[in-house]
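K.L.:
Shown below is the structure under consideration.
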Amino acid sequence: MDISEQDKEIIKALQEDFPLCEEPYKILAERVGISEEDFLQRVKELVDEKKIRKMGAVLRHREVGFNANALCAWHVPPENLDEIAQIMSSHAAVSHCYDRTPAPNWNYNLYTMIHAKNRDECEQIIGELSNLTGVTNYKILYTKKEWKKTGMKYFCE
Amino acid sequence: MTILSTFDKALLNLLQGDIPICSHPFAEMARRLGTDEETVLTRLRELKAAGFLRRIGTFFDSNRLGYQGTLVALKVAPSAVHAVAEAVNRYPGATHNYEREGAYNLWFTLLTPSKDYESKILAEIRSLRGVEDMLKLKANKKYKINVQFKLL
């Protein structure tokens, strides 16, 4: 992977909390030691290159009323994986949908994060997904405690 | 407890989607919301202080930055969960770490810049006292990553 040293500095500046002030990019550009104009130009390119997925915010979902959050692991026939993953992804309550290589004694190969107001609603959504896809072998893994949730700090190893 | 107004919800919905990439991004957001820059900034600072915002900033595609991701499930003796969870938390690449119901009771995601580095970390975690089993569930295709909550 060819990421230039300057890009690494730009990424390191961007991955910190975004300044809530009138000219936030100017502050970030100063940290890298380049002009605001060059910084903005490079950020736009990183978006075009799809290295940046989005500039935005993530809310604390419990504070905005989503109290039941579950990881649901599904055992999907490999030949239907793509089709089933697309159906699950199109559901608004699903925030993440990843295909993963299973492990010995653990044959679940599709993973969805589901956010709902409460457990009843969560189970109702999972029931809908099961009906829509015909997948009946799944495991609901409710969150008991959040030990950590942070953004990644890249290039700091 | 802060109650979200209609304006707050519109502001948060816009903020979740995209912060404009321009010299005065909050002025641009204000224009779209029919208000001024100062109102947007003041309210965002208040909502942040009140704990509504987990993170504001840039979300990268880890694969395109040369990183690989895996989900790891641990079966941990109940008495050791606290200590193991804290040990996992100390790795910067462990970005999400949740205690969950079930036999595999600690689940975390790990981002690393190389396979060797990943193996080294997983071996260290596997050898922690109280860790009885470990599942490594490598991410293949990411069909959806969209942590947006439409506030109505």
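Within each chain, counting starts at residue 1; across the structure tokens, chains are named A, B, ... in the order shown, with ligands numbered 1 upward in that order.
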Skipping near chain neighbours, those fewer than 2 positions away, what residues fall within 7 Å of Val32 in chain A using only C-alpha atoms, listed as a PDB file with N, CA and C atoms, in the first residue's frame?
P.N.:
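Generated file (out_1.pdb):
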```
ATOM      1  N   GLU A   9       0.286  12.165   7.421  1.00  0.00           N
ATOM      2  CA  GLU A   9       0.114  13.308   8.333  1.00  0.00           C
ATOM      3  C   GLU A   9      -1.293  13.898   8.201  1.00  0.00           C
ATOM      4  N   ILE A  10      -1.803  13.956   6.980  1.00  0.00           N
ATOM      5  CA  ILE A  10      -3.165  14.480   6.762  1.00  0.00           C
ATOM      6  C   ILE A  10      -4.183  13.548   7.433  1.00  0.00           C
ATOM      7  N   LEU A  28      -6.586  22.113  10.929  1.00  0.00           N
ATOM      8  CA  LEU A  28      -5.992  20.804  10.621  1.00  0.00           C
ATOM      9  C   LEU A  28      -4.809  20.963   9.655  1.00  0.00           C
ATOM     10  N   ALA A  29      -4.972  21.865   8.686  1.00  0.00           N
ATOM     11  CA  ALA A  29      -3.892  22.102   7.713  1.00  0.00           C
ATOM     12  C   ALA A  29      -2.649  22.637   8.410  1.00  0.00           C
ATOM     13  N   GLU A  30      -2.848  23.511   9.385  1.00  0.00           N
ATOM     14  CA  GLU A  30      -1.713  24.067  10.135  1.00  0.00           C
ATOM     15  C   GLU A  30      -0.949  22.963  10.867  1.00  0.00           C
ATOM     16  N   ILE A  34       0.702  22.599   5.908  1.00  0.00           N
ATOM     17  CA  ILE A  34       0.431  22.955   4.516  1.00  0.00           C
ATOM     18  C   ILE A  34      -0.695  23.991   4.484  1.00  0.00           C
TER      19      ILE A  34
END
```
K.L.:
Within 7 Å of chain A, which residues of chain B show up when using only C-alpha atoms, listed as JSON, numbers by chain?
P.N.:
{"B": [15, 16, 17, 18, 19, 21, 22, 23, 24, 26, 41, 45, 52, 53, 54, 55, 56, 57, 58, 59, 60, 61, 64, 65, 66, 85, 89, 92, 93, 95, 96, 97, 98, 99, 100, 101, 102, 135, 136, 137, 138, 139, 140, 141, 142, 143, 144, 145, 146, 147, 148]}
K.L.:
Keeping only C-alpha atoms, write the selected residues to a file as a PDB file, in the first residue's frame.
P.N.:
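Here's the written file result-v1.pdb:
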```
ATOM      1  CA  LEU B  15     -24.089  16.252  10.320  1.00  0.00           C
ATOM      2  CA  GLN B  16     -24.248  12.442  10.178  1.00  0.00           C
ATOM      3  CA  GLY B  17     -24.369  12.429   6.408  1.00  0.00           C
ATOM      4  CA  ASP B  18     -21.604  14.732   5.393  1.00  0.00           C
ATOM      5  CA  ILE B  19     -19.626  17.678   6.613  1.00  0.00           C
ATOM      6  CA  ILE B  21     -15.267  19.939   2.449  1.00  0.00           C
ATOM      7  CA  CYS B  22     -14.789  23.692   2.118  1.00  0.00           C
ATOM      8  CA  SER B  23     -13.326  26.593   4.021  1.00  0.00           C
ATOM      9  CA  HIS B  24     -16.455  27.304   6.133  1.00  0.00           C
ATOM     10  CA  PHE B  26     -20.573  24.995   9.217  1.00  0.00           C
ATOM     11  CA  LEU B  41     -21.647  25.924  15.948  1.00  0.00           C
ATOM     12  CA  ARG B  45     -20.968  22.365  20.939  1.00  0.00           C
ATOM     13  CA  PHE B  52     -25.196  13.047  21.816  1.00  0.00           C
ATOM     14  CA  LEU B  53     -22.177  12.852  19.544  1.00  0.00           C
ATOM     15  CA  ARG B  54     -19.798   9.969  19.771  1.00  0.00           C
ATOM     16  CA  ARG B  55     -17.391  11.281  17.200  1.00  0.00           C
ATOM     17  CA  ILE B  56     -17.263  14.037  14.633  1.00  0.00           C
ATOM     18  CA  GLY B  57     -14.728  13.709  11.929  1.00  0.00           C
ATOM     19  CA  THR B  58     -13.405  11.496   9.201  1.00  0.00           C
ATOM     20  CA  PHE B  59     -14.241   7.863   8.663  1.00  0.00           C
ATOM     21  CA  PHE B  60     -11.711   5.975   6.591  1.00  0.00           C
ATOM     22  CA  ASP B  61     -11.901   2.791   4.586  1.00  0.00           C
ATOM     23  CA  ARG B  64      -7.783   1.134   1.362  1.00  0.00           C
ATOM     24  CA  LEU B  65      -5.323   2.452   3.937  1.00  0.00           C
ATOM     25  CA  GLY B  66      -3.645  -0.948   3.966  1.00  0.00           C
ATOM     26  CA  ALA B  85     -11.558  -6.632  28.514  1.00  0.00           C
ATOM     27  CA  ASN B  89      -8.710  -2.238  25.242  1.00  0.00           C
ATOM     28  CA  PRO B  92      -5.034   0.728  19.678  1.00  0.00           C
ATOM     29  CA  GLY B  93      -6.265  -1.528  16.837  1.00  0.00           C
ATOM     30  CA  THR B  95     -11.614  -0.289  18.242  1.00  0.00           C
ATOM     31  CA  HIS B  96     -14.827  -1.987  19.389  1.00  0.00           C
ATOM     32  CA  ASN B  97     -14.957  -4.285  22.398  1.00  0.00           C
ATOM     33  CA  TYR B  98     -18.260  -5.598  23.740  1.00  0.00           C
ATOM     34  CA  GLU B  99     -19.314  -8.028  26.402  1.00  0.00           C
ATOM     35  CA  ARG B 100     -22.151 -10.120  24.978  1.00  0.00           C
ATOM     36  CA  GLU B 101     -24.551 -12.732  26.206  1.00  0.00           C
ATOM     37  CA  GLY B 102     -23.647 -16.333  25.341  1.00  0.00           C
ATOM     38  CA  LEU B 135     -12.642 -17.478  17.362  1.00  0.00           C
ATOM     39  CA  LYS B 136     -11.123 -15.397  14.605  1.00  0.00           C
ATOM     40  CA  LEU B 137     -13.701 -14.216  12.075  1.00  0.00           C
ATOM     41  CA  LYS B 138     -11.905 -12.388   9.287  1.00  0.00           C
ATOM     42  CA  ALA B 139     -13.940  -9.802   7.384  1.00  0.00           C
ATOM     43  CA  ASN B 140     -14.317 -10.555   3.699  1.00  0.00           C
ATOM     44  CA  LYS B 141     -16.862  -8.407   1.918  1.00  0.00           C
ATOM     45  CA  LYS B 142     -18.368  -5.422   3.706  1.00  0.00           C
ATOM     46  CA  TYR B 143     -21.879  -5.096   2.370  1.00  0.00           C
ATOM     47  CA  LYS B 144     -22.913  -2.208   4.569  1.00  0.00           C
ATOM     48  CA  ILE B 145     -21.257   0.227   6.945  1.00  0.00           C
ATOM     49  CA  ASN B 146     -23.711   2.925   7.770  1.00  0.00           C
ATOM     50  CA  VAL B 147     -23.987   4.079  11.326  1.00  0.00           C
ATOM     51  CA  GLN B 148     -26.604   6.698  10.662  1.00  0.00           C
TER      52      GLN B 148
END
```
K.L.:
Considering only C-alpha atoms, state which residue in the set B:Val131, B:Leu11, B:Ile125, B:Asn63 is at the smallest distance from Pro78 in chain B.
P.N.:
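Of the candidates, the smallest distance to Pro78 in chain B is held by B:Val131.
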K.L.:
DSSP on the backbone, strand (DSSP E or B) only: what residues of chain A does that give? Format it as a ChimeraX atom specification.
P.N.:
/A:52-59,68-74,94-100,103,106,110-116,138-149
